[in-house]
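K.L.:
Structure: model-v5.pdb, PDB, N, CA and C atoms, pLDDT in the B column.
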```
ATOM      1  N   MET W 547      30.916 118.820 185.071  1.00 60.00           N
ATOM      2  CA  MET W 547      29.800 119.347 185.819  1.00 60.00           C
ATOM      3  C   MET W 547      29.332 118.284 186.810  1.00 60.00           C
ATOM      4  N   HIS W 548      29.151 118.682 188.028  1.00 74.00           N
ATOM      5  CA  HIS W 548      28.626 117.783 189.045  1.00 74.00           C
ATOM      6  C   HIS W 548      27.191 118.177 189.360  1.00 74.00           C
ATOM      7  N   GLY W 549      26.330 117.182 189.407  1.00 78.00           N
ATOM      8  CA  GLY W 549      24.944 117.425 189.760  1.00 78.00           C
ATOM      9  C   GLY W 549      24.555 116.643 191.001  1.00 78.00           C
ATOM     10  N   ARG W 550      23.653 117.217 191.762  1.00 83.00           N
ATOM     11  CA  ARG W 550      23.175 116.566 192.981  1.00 83.00           C
ATOM     12  C   ARG W 550      21.661 116.670 193.044  1.00 83.00           C
ATOM     13  N   LEU W 551      21.054 115.625 193.508  1.00 84.00           N
ATOM     14  CA  LEU W 551      19.630 115.652 193.785  1.00 84.00           C
ATOM     15  C   LEU W 551      19.429 116.465 195.054  1.00 84.00           C
ATOM     16  N   ARG W 552      18.590 117.505 195.001  1.00 89.00           N
ATOM     17  CA  ARG W 552      18.381 118.354 196.178  1.00 89.00           C
ATOM     18  C   ARG W 552      16.922 118.479 196.586  1.00 89.00           C
ATOM     19  N   TYR W 553      16.005 118.088 195.693  1.00 92.00           N
ATOM     20  CA  TYR W 553      14.603 118.378 195.946  1.00 92.00           C
ATOM     21  C   TYR W 553      13.722 117.317 195.314  1.00 92.00           C
ATOM     22  N   LEU W 554      12.720 116.869 196.060  1.00 94.00           N
ATOM     23  CA  LEU W 554      11.705 115.946 195.547  1.00 94.00           C
ATOM     24  C   LEU W 554      10.336 116.526 195.862  1.00 94.00           C
ATOM     25  N   ALA W 555       9.441 116.482 194.913  1.00 93.00           N
ATOM     26  CA  ALA W 555       8.062 116.924 195.129  1.00 93.00           C
ATOM     27  C   ALA W 555       7.122 115.764 194.849  1.00 93.00           C
ATOM     28  N   PHE W 556       6.159 115.596 195.727  1.00 95.00           N
ATOM     29  CA  PHE W 556       5.174 114.525 195.622  1.00 95.00           C
ATOM     30  C   PHE W 556       3.784 115.129 195.578  1.00 95.00           C
ATOM     31  N   LEU W 557       2.901 114.531 194.811  1.00 96.00           N
ATOM     32  CA  LEU W 557       1.499 114.918 194.771  1.00 96.00           C
ATOM     33  C   LEU W 557       0.739 113.994 195.710  1.00 96.00           C
ATOM     34  N   SER W 558      -0.056 114.579 196.622  1.00 96.00           N
ATOM     35  CA  SER W 558      -0.709 113.803 197.668  1.00 96.00           C
ATOM     36  C   SER W 558      -2.109 114.341 197.953  1.00 96.00           C
ATOM     37  N   ARG W 559      -2.982 113.471 198.402  1.00 95.00           N
ATOM     38  CA  ARG W 559      -4.300 113.916 198.862  1.00 95.00           C
ATOM     39  C   ARG W 559      -4.231 114.493 200.274  1.00 95.00           C
ATOM     40  N   ASP W 560      -3.224 114.079 201.062  1.00 96.00           N
ATOM     41  CA  ASP W 560      -3.133 114.494 202.457  1.00 96.00           C
ATOM     42  C   ASP W 560      -1.687 114.824 202.841  1.00 96.00           C
ATOM     43  N   PRO W 561      -1.160 115.953 202.340  1.00 97.00           N
ATOM     44  CA  PRO W 561       0.220 116.322 202.645  1.00 97.00           C
ATOM     45  C   PRO W 561       0.492 116.481 204.136  1.00 97.00           C
ATOM     46  N   ASP W 562      -0.507 116.912 204.891  1.00 96.00           N
ATOM     47  CA  ASP W 562      -0.315 117.130 206.322  1.00 96.00           C
ATOM     48  C   ASP W 562       0.051 115.825 207.037  1.00 96.00           C
ATOM     49  N   SER W 563      -0.675 114.753 206.771  1.00 96.00           N
ATOM     50  CA  SER W 563      -0.388 113.468 207.412  1.00 96.00           C
ATOM     51  C   SER W 563       0.979 112.928 207.006  1.00 96.00           C
ATOM     52  N   ILE W 564       1.298 113.035 205.734  1.00 96.00           N
ATOM     53  CA  ILE W 564       2.601 112.532 205.262  1.00 96.00           C
ATOM     54  C   ILE W 564       3.734 113.338 205.888  1.00 96.00           C
ATOM     55  N   SER W 565       3.595 114.665 205.914  1.00 96.00           N
ATOM     56  CA  SER W 565       4.658 115.489 206.488  1.00 96.00           C
ATOM     57  C   SER W 565       4.802 115.228 207.987  1.00 96.00           C
ATOM     58  N   ASN W 566       3.694 114.965 208.677  1.00 97.00           N
ATOM     59  CA  ASN W 566       3.777 114.621 210.102  1.00 97.00           C
ATOM     60  C   ASN W 566       4.594 113.350 210.310  1.00 97.00           C
ATOM     61  N   PHE W 567       4.422 112.357 209.443  1.00 96.00           N
ATOM     62  CA  PHE W 567       5.207 111.126 209.529  1.00 96.00           C
ATOM     63  C   PHE W 567       6.697 111.436 209.380  1.00 96.00           C
ATOM     64  N   TYR W 568       7.055 112.209 208.362  1.00 96.00           N
ATOM     65  CA  TYR W 568       8.466 112.513 208.101  1.00 96.00           C
ATOM     66  C   TYR W 568       9.093 113.334 209.222  1.00 96.00           C
ATOM     67  N   THR W 569       8.345 114.259 209.807  1.00 97.00           N
ATOM     68  CA  THR W 569       8.915 115.050 210.897  1.00 97.00           C
ATOM     69  C   THR W 569       9.038 114.223 212.173  1.00 97.00           C
ATOM     70  N   ARG W 570       8.041 113.417 212.463  1.00 97.00           N
ATOM     71  CA  ARG W 570       8.035 112.636 213.698  1.00 97.00           C
ATOM     72  C   ARG W 570       9.025 111.475 213.662  1.00 97.00           C
ATOM     73  N   HIS W 571       9.053 110.732 212.564  1.00 97.00           N
ATOM     74  CA  HIS W 571       9.850 109.503 212.524  1.00 97.00           C
ATOM     75  C   HIS W 571      11.219 109.650 211.870  1.00 97.00           C
ATOM     76  N   LEU W 572      11.388 110.651 211.019  1.00 95.00           N
ATOM     77  CA  LEU W 572      12.668 110.804 210.332  1.00 95.00           C
ATOM     78  C   LEU W 572      13.399 112.084 210.716  1.00 95.00           C
ATOM     79  N   GLY W 573      12.783 112.898 211.579  1.00 96.00           N
ATOM     80  CA  GLY W 573      13.457 114.076 212.101  1.00 96.00           C
ATOM     81  C   GLY W 573      13.571 115.248 211.150  1.00 96.00           C
ATOM     82  N   LEU W 574      12.794 115.282 210.071  1.00 97.00           N
ATOM     83  CA  LEU W 574      12.846 116.411 209.158  1.00 97.00           C
ATOM     84  C   LEU W 574      12.158 117.617 209.786  1.00 97.00           C
ATOM     85  N   ASP W 575      12.541 118.810 209.355  1.00 97.00           N
ATOM     86  CA  ASP W 575      11.970 120.060 209.845  1.00 97.00           C
ATOM     87  C   ASP W 575      11.068 120.674 208.786  1.00 97.00           C
ATOM     88  N   GLU W 576       9.954 121.212 209.220  1.00 97.00           N
ATOM     89  CA  GLU W 576       9.064 121.917 208.300  1.00 97.00           C
ATOM     90  C   GLU W 576       9.663 123.280 207.978  1.00 97.00           C
ATOM     91  N   ILE W 577       9.706 123.625 206.679  1.00 97.00           N
ATOM     92  CA  ILE W 577      10.244 124.925 206.279  1.00 97.00           C
ATOM     93  C   ILE W 577       9.176 125.841 205.691  1.00 97.00           C
ATOM     94  N   SER W 578       8.068 125.266 205.217  1.00 97.00           N
ATOM     95  CA  SER W 578       6.984 126.123 204.736  1.00 97.00           C
ATOM     96  C   SER W 578       5.697 125.324 204.613  1.00 97.00           C
ATOM     97  N   ARG W 579       4.601 126.081 204.624  1.00 97.00           N
ATOM     98  CA  ARG W 579       3.268 125.501 204.488  1.00 97.00           C
ATOM     99  C   ARG W 579       2.427 126.543 203.753  1.00 97.00           C
ATOM    100  N   SER W 580       1.777 126.123 202.670  1.00 96.00           N
ATOM    101  CA  SER W 580       0.965 127.069 201.903  1.00 96.00           C
ATOM    102  C   SER W 580      -0.480 127.063 202.385  1.00 96.00           C
ATOM    103  N   ASN W 581      -1.207 128.094 202.036  1.00 96.00           N
ATOM    104  CA  ASN W 581      -2.638 128.164 202.355  1.00 96.00           C
ATOM    105  C   ASN W 581      -3.431 127.078 201.634  1.00 96.00           C
ATOM    106  N   GLN W 582      -2.874 126.539 200.555  1.00 95.00           N
ATOM    107  CA  GLN W 582      -3.545 125.491 199.782  1.00 95.00           C
ATOM    108  C   GLN W 582      -3.285 124.095 200.330  1.00 95.00           C
ATOM    109  N   GLY W 583      -2.417 123.973 201.323  1.00 95.00           N
ATOM    110  CA  GLY W 583      -2.162 122.669 201.937  1.00 95.00           C
ATOM    111  C   GLY W 583      -0.854 122.013 201.562  1.00 95.00           C
ATOM    112  N   ASP W 584      -0.010 122.676 200.761  1.00 96.00           N
ATOM    113  CA  ASP W 584       1.305 122.134 200.426  1.00 96.00           C
ATOM    114  C   ASP W 584       2.221 122.277 201.639  1.00 96.00           C
ATOM    115  N   VAL W 585       3.090 121.281 201.855  1.00 98.00           N
ATOM    116  CA  VAL W 585       4.015 121.311 202.992  1.00 98.00           C
ATOM    117  C   VAL W 585       5.413 120.973 202.488  1.00 98.00           C
ATOM    118  N   SER W 586       6.403 121.787 202.894  1.00 97.00           N
ATOM    119  CA  SER W 586       7.804 121.542 202.524  1.00 97.00           C
ATOM    120  C   SER W 586       8.615 121.244 203.770  1.00 97.00           C
ATOM    121  N   LEU W 587       9.491 120.247 203.647  1.00 97.00           N
ATOM    122  CA  LEU W 587      10.335 119.784 204.742  1.00 97.00           C
ATOM    123  C   LEU W 587      11.789 119.754 204.294  1.00 97.00           C
ATOM    124  N   THR W 588      12.694 119.725 205.268  1.00 96.00           N
ATOM    125  CA  THR W 588      14.119 119.594 204.950  1.00 96.00           C
ATOM    126  C   THR W 588      14.840 118.810 206.038  1.00 96.00           C
ATOM    127  N   ASP W 589      15.944 118.215 205.638  1.00 95.00           N
ATOM    128  CA  ASP W 589      16.859 117.619 206.611  1.00 95.00           C
ATOM    129  C   ASP W 589      18.097 118.493 206.733  1.00 95.00           C
ATOM    130  N   GLY W 590      18.069 119.673 206.132  1.00 93.00           N
ATOM    131  CA  GLY W 590      19.203 120.592 206.130  1.00 93.00           C
ATOM    132  C   GLY W 590      19.971 120.563 204.830  1.00 93.00           C
ATOM    133  N   PHE W 591      19.744 119.547 204.031  1.00 91.00           N
ATOM    134  CA  PHE W 591      20.397 119.442 202.727  1.00 91.00           C
ATOM    135  C   PHE W 591      19.378 119.161 201.632  1.00 91.00           C
ATOM    136  N   TYR W 592      18.589 118.123 201.809  1.00 93.00           N
ATOM    137  CA  TYR W 592      17.543 117.764 200.860  1.00 93.00           C
ATOM    138  C   TYR W 592      16.223 118.386 201.289  1.00 93.00           C
ATOM    139  N   ASN W 593      15.405 118.778 200.315  1.00 95.00           N
ATOM    140  CA  ASN W 593      14.074 119.286 200.591  1.00 95.00           C
ATOM    141  C   ASN W 593      13.040 118.360 199.974  1.00 95.00           C
ATOM    142  N   LEU W 594      11.938 118.174 200.682  1.00 96.00           N
ATOM    143  CA  LEU W 594      10.785 117.422 200.197  1.00 96.00           C
ATOM    144  C   LEU W 594       9.577 118.339 200.241  1.00 96.00           C
ATOM    145  N   THR W 595       8.776 118.329 199.194  1.00 96.00           N
ATOM    146  CA  THR W 595       7.515 119.059 199.209  1.00 96.00           C
ATOM    147  C   THR W 595       6.401 118.095 198.886  1.00 96.00           C
ATOM    148  N   PHE W 596       5.351 118.165 199.682  1.00 97.00           N
ATOM    149  CA  PHE W 596       4.144 117.371 199.454  1.00 97.00           C
ATOM    150  C   PHE W 596       3.073 118.335 198.986  1.00 97.00           C
ATOM    151  N   LEU W 597       2.755 118.248 197.699  1.00 95.00           N
ATOM    152  CA  LEU W 597       1.764 119.129 197.089  1.00 95.00           C
ATOM    153  C   LEU W 597       0.379 118.541 197.271  1.00 95.00           C
ATOM    154  N   LYS W 598      -0.560 119.369 197.662  1.00 96.00           N
ATOM    155  CA  LYS W 598      -1.956 118.944 197.791  1.00 96.00           C
ATOM    156  C   LYS W 598      -2.536 118.809 196.379  1.00 96.00           C
ATOM    157  N   ALA W 599      -3.038 117.622 196.060  1.00 94.00           N
ATOM    158  CA  ALA W 599      -3.647 117.393 194.743  1.00 94.00           C
ATOM    159  C   ALA W 599      -4.899 118.270 194.640  1.00 94.00           C
ATOM    160  N   ARG W 600      -4.940 119.109 193.593  1.00 93.00           N
ATOM    161  CA  ARG W 600      -6.064 120.020 193.397  1.00 93.00           C
ATOM    162  C   ARG W 600      -6.062 120.530 191.962  1.00 93.00           C
ATOM    163  N   GLU W 601      -7.210 120.910 191.491  1.00 89.00           N
ATOM    164  CA  GLU W 601      -7.355 121.391 190.111  1.00 89.00           C
ATOM    165  C   GLU W 601      -6.534 122.646 189.853  1.00 89.00           C
ATOM    166  N   GLU W 602      -6.371 123.514 190.860  1.00 90.00           N
ATOM    167  CA  GLU W 602      -5.661 124.784 190.676  1.00 90.00           C
ATOM    168  C   GLU W 602      -4.203 124.608 190.260  1.00 90.00           C
ATOM    169  N   LEU W 603      -3.639 123.424 190.493  1.00 86.00           N
ATOM    170  CA  LEU W 603      -2.263 123.182 190.056  1.00 86.00           C
ATOM    171  C   LEU W 603      -2.168 123.168 188.538  1.00 86.00           C
ATOM    172  N   MET W 604      -3.293 122.887 187.888  1.00 86.00           N
ATOM    173  CA  MET W 604      -3.370 122.845 186.421  1.00 86.00           C
ATOM    174  C   MET W 604      -2.317 121.909 185.818  1.00 86.00           C
ATOM    175  N   GLU W 605      -2.093 120.794 186.489  1.00 80.00           N
ATOM    176  CA  GLU W 605      -1.147 119.796 186.003  1.00 80.00           C
ATOM    177  C   GLU W 605      -1.851 118.847 185.047  1.00 80.00           C
ATOM    178  N   PRO W 606      -1.207 118.493 183.945  1.00 82.00           N
ATOM    179  CA  PRO W 606      -1.830 117.557 183.006  1.00 82.00           C
ATOM    180  C   PRO W 606      -1.973 116.151 183.578  1.00 82.00           C
ATOM    181  N   ASP W 607      -1.134 115.815 184.549  1.00 83.00           N
ATOM    182  CA  ASP W 607      -1.179 114.489 185.157  1.00 83.00           C
ATOM    183  C   ASP W 607      -1.375 114.645 186.660  1.00 83.00           C
ATOM    184  N   GLN W 608      -2.485 114.180 187.174  1.00 87.00           N
ATOM    185  CA  GLN W 608      -2.805 114.278 188.600  1.00 87.00           C
ATOM    186  C   GLN W 608      -2.511 112.973 189.344  1.00 87.00           C
ATOM    187  N   THR W 609      -1.650 112.129 188.778  1.00 91.00           N
ATOM    188  CA  THR W 609      -1.288 110.877 189.425  1.00 91.00           C
ATOM    189  C   THR W 609      -0.575 111.168 190.742  1.00 91.00           C
ATOM    190  N   LEU W 610      -1.033 110.518 191.809  1.00 94.00           N
ATOM    191  CA  LEU W 610      -0.424 110.714 193.115  1.00 94.00           C
ATOM    192  C   LEU W 610       0.948 110.045 193.158  1.00 94.00           C
ATOM    193  N   GLY W 611       1.860 110.625 193.931  1.00 94.00           N
ATOM    194  CA  GLY W 611       3.200 110.079 194.070  1.00 94.00           C
ATOM    195  C   GLY W 611       4.245 111.071 193.612  1.00 94.00           C
ATOM    196  N   LEU W 612       5.419 110.564 193.240  1.00 92.00           N
ATOM    197  CA  LEU W 612       6.519 111.429 192.817  1.00 92.00           C
ATOM    198  C   LEU W 612       6.077 112.305 191.660  1.00 92.00           C
ATOM    199  N   HIS W 613       6.285 113.596 191.796  1.00 91.00           N
ATOM    200  CA  HIS W 613       5.818 114.558 190.799  1.00 91.00           C
ATOM    201  C   HIS W 613       6.969 115.142 189.991  1.00 91.00           C
ATOM    202  N   HIS W 614       7.983 115.659 190.680  1.00 89.00           N
ATOM    203  CA  HIS W 614       9.164 116.165 189.980  1.00 89.00           C
ATOM    204  C   HIS W 614      10.351 116.214 190.934  1.00 89.00           C
ATOM    205  N   VAL W 615      11.539 116.378 190.359  1.00 86.00           N
ATOM    206  CA  VAL W 615      12.774 116.443 191.134  1.00 86.00           C
ATOM    207  C   VAL W 615      13.511 117.734 190.811  1.00 86.00           C
ATOM    208  N   GLY W 616      14.358 118.152 191.733  1.00 85.00           N
ATOM    209  CA  GLY W 616      15.206 119.319 191.508  1.00 85.00           C
ATOM    210  C   GLY W 616      16.659 118.920 191.665  1.00 85.00           C
ATOM    211  N   LEU W 617      17.477 119.362 190.742  1.00 84.00           N
ATOM    212  CA  LEU W 617      18.908 119.076 190.767  1.00 84.00           C
ATOM    213  C   LEU W 617      19.680 120.361 190.966  1.00 84.00           C
ATOM    214  N   GLN W 618      20.814 120.270 191.637  1.00 81.00           N
ATOM    215  CA  GLN W 618      21.731 121.397 191.789  1.00 81.00           C
ATOM    216  C   GLN W 618      22.985 121.040 191.018  1.00 81.00           C
ATOM    217  N   VAL W 619      23.453 121.966 190.198  1.00 83.00           N
ATOM    218  CA  VAL W 619      24.703 121.752 189.453  1.00 83.00           C
ATOM    219  C   VAL W 619      25.703 122.824 189.838  1.00 83.00           C
ATOM    220  N   ASP W 620      26.980 122.486 189.721  1.00 80.00           N
ATOM    221  CA  ASP W 620      28.041 123.429 190.087  1.00 80.00           C
ATOM    222  C   ASP W 620      28.169 124.557 189.070  1.00 80.00           C
ATOM    223  N   ASN W 621      28.022 124.211 187.787  1.00 77.00           N
ATOM    224  CA  ASN W 621      28.256 125.192 186.743  1.00 77.00           C
ATOM    225  C   ASN W 621      27.487 124.792 185.498  1.00 77.00           C
ATOM    226  N   LEU W 622      26.611 125.636 185.009  1.00 74.00           N
ATOM    227  CA  LEU W 622      25.846 125.315 183.802  1.00 74.00           C
ATOM    228  C   LEU W 622      26.640 125.562 182.519  1.00 74.00           C
ATOM    229  N   ASP W 623      27.759 126.264 182.615  1.00 74.00           N
ATOM    230  CA  ASP W 623      28.544 126.596 181.428  1.00 74.00           C
ATOM    231  C   ASP W 623      29.416 125.454 180.932  1.00 74.00           C
ATOM    232  N   ARG W 624      29.634 124.444 181.748  1.00 63.00           N
ATOM    233  CA  ARG W 624      30.502 123.342 181.325  1.00 63.00           C
ATOM    234  C   ARG W 624      29.686 122.180 180.853  1.00 63.00           C
TER     235      ARG W 624
END
```
Kindly return the structure encoded in the file as structure tokens.
P.N.:
Amino acid sequence: MHGRLRYLAFLSRDPDSISNFYTRHLGLDEISRSNQGDVSLTDGFYNLTFLKAREELMEPDQTLGLHHVGLQVDNLDR
């Protein structure tokens, strides 16, 4: 089984400013923006999401920074 890192999510107080940095300086494209302030970007292969820190997320840990990762695998049966 081959696995690849495809997605990173970060918890932030200001996702808009961080996403502006990534689009302006690293050339990433915005792919979505939620009404709550979350912003998702891509380089065409990897996706980054900056989640707006808020109580509605109902996360047990509100520590800012890397929140979770997403992996892609070729086959879960092997």
K.L.:
Could you state the separation of atom N of Thr609 of chain W and atom CA of Ala555 of chain W in Å, given to one decimal place?
P.N.:
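If I compute the distance from atom N of Thr609 of chain W to atom CA of Ala555 of chain W, I get 12.6 Å.
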K.L.:
Do you know which residues are at most 8 Å from Ser565 of chain W counting all atoms listed in the file, after dropping those on the same chain fewer than 6 positions away, and could you put them as a PyMOL selection string?
P.N.:
chain W and resi 571+574+576+585-587+596
K.L.:
Keeping N, CA and C atoms for every residue in the selection just given, could you write it to a file as a short mmCIF file (atom, residue, chain, number, x, y, z; two decimals), in the coordinates of the input?
P.N.:
```cif
data_model
loop_
_atom_site.label_atom_id
_atom_site.label_comp_id
_atom_site.auth_asym_id
_atom_site.auth_seq_id
_atom_site.Cartn_x
_atom_site.Cartn_y
_atom_site.Cartn_z
N HIS W 571 9.05 110.73 212.56
CA HIS W 571 9.85 109.50 212.52
C HIS W 571 11.22 109.65 211.87
N LEU W 574 12.79 115.28 210.07
CA LEU W 574 12.85 116.41 209.16
C LEU W 574 12.16 117.62 209.79
N GLU W 576 9.95 121.21 209.22
CA GLU W 576 9.06 121.92 208.30
C GLU W 576 9.66 123.28 207.98
N VAL W 585 3.09 121.28 201.86
CA VAL W 585 4.01 121.31 202.99
C VAL W 585 5.41 120.97 202.49
N SER W 586 6.40 121.79 202.89
CA SER W 586 7.80 121.54 202.52
C SER W 586 8.62 121.24 203.77
N LEU W 587 9.49 120.25 203.65
CA LEU W 587 10.34 119.78 204.74
C LEU W 587 11.79 119.75 204.29
N PHE W 596 5.35 118.16 199.68
CA PHE W 596 4.14 117.37 199.45
C PHE W 596 3.07 118.34 198.99
#
```
K.L.:
Set the distance at 8 Å and use all atoms listed in the file: which residues neighbour Asp575 of chain W once local chain neighbours fewer than 6 positions away are removed? I'd like the list as a list in words.
P.N.:
Tyr568, Thr569, Ser586, Leu587, Thr588, Asp589 and Gly590 of chain W
K.L.:
Mind the document's chain letters and residue numbers, and return as a ChimeraX atom specification the residues of chain W that DSSP labels helix (DSSP H, G or I).
P.N.:
/W:561-572,601-603
K.L.:
Step by step: start from the point (20.7, 117.0, 188.1) in the file's coordinates, keep every protein, DNA or RNA residue that has an atom no farther than 7 Å from it, count only N, CA and C atoms, and write the set as a list in words.
P.N.:
His548, Gly549, Arg550, Leu551, Gly616, Leu617, Gln618 and Val619 of chain W
K.L.:
Report the distance between atom C of Asn593 of chain W and atom C of Ser558 of chain W in Å, rounded to one decimal place.
P.N.:
15.8 Å
K.L.:
Got a sec: who's within 8 Å of segment 598-607 of chain W, counting only C-alpha atoms, leaving out chain neighbours fewer than 3 positions off, as a PyMOL selection string?
P.N.:
chain W and resi 557-561+582-584+610
K.L.:
Could you pull out the strand (DSSP E) residues of segment 550-585 of chain W, going by DSSP on the backbone, and write them as a ChimeraX atom specification?
P.N.:
/W:550-558,575-579,585
K.L.:
Please determine an axis-aligned box that encloses all atoms of segment 580-595 of chain W listed in the file, with 6 Å added on each side, and express its centre and edge lengths in Å to one decimal as lines of an AutoDock Vina configuration file.
P.N.:
```
center_x = 8.4
center_y = 122.8
center_z = 202.8
size_x = 35.9
size_y = 22.7
size_z = 19.8
```
K.L.:
Just the number, please: distance in Å from atom CA of Leu622 of chain W to atom N of Phe591 of chain W, one decimal.
P.N.:
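A separation of 21.9 Å between them.
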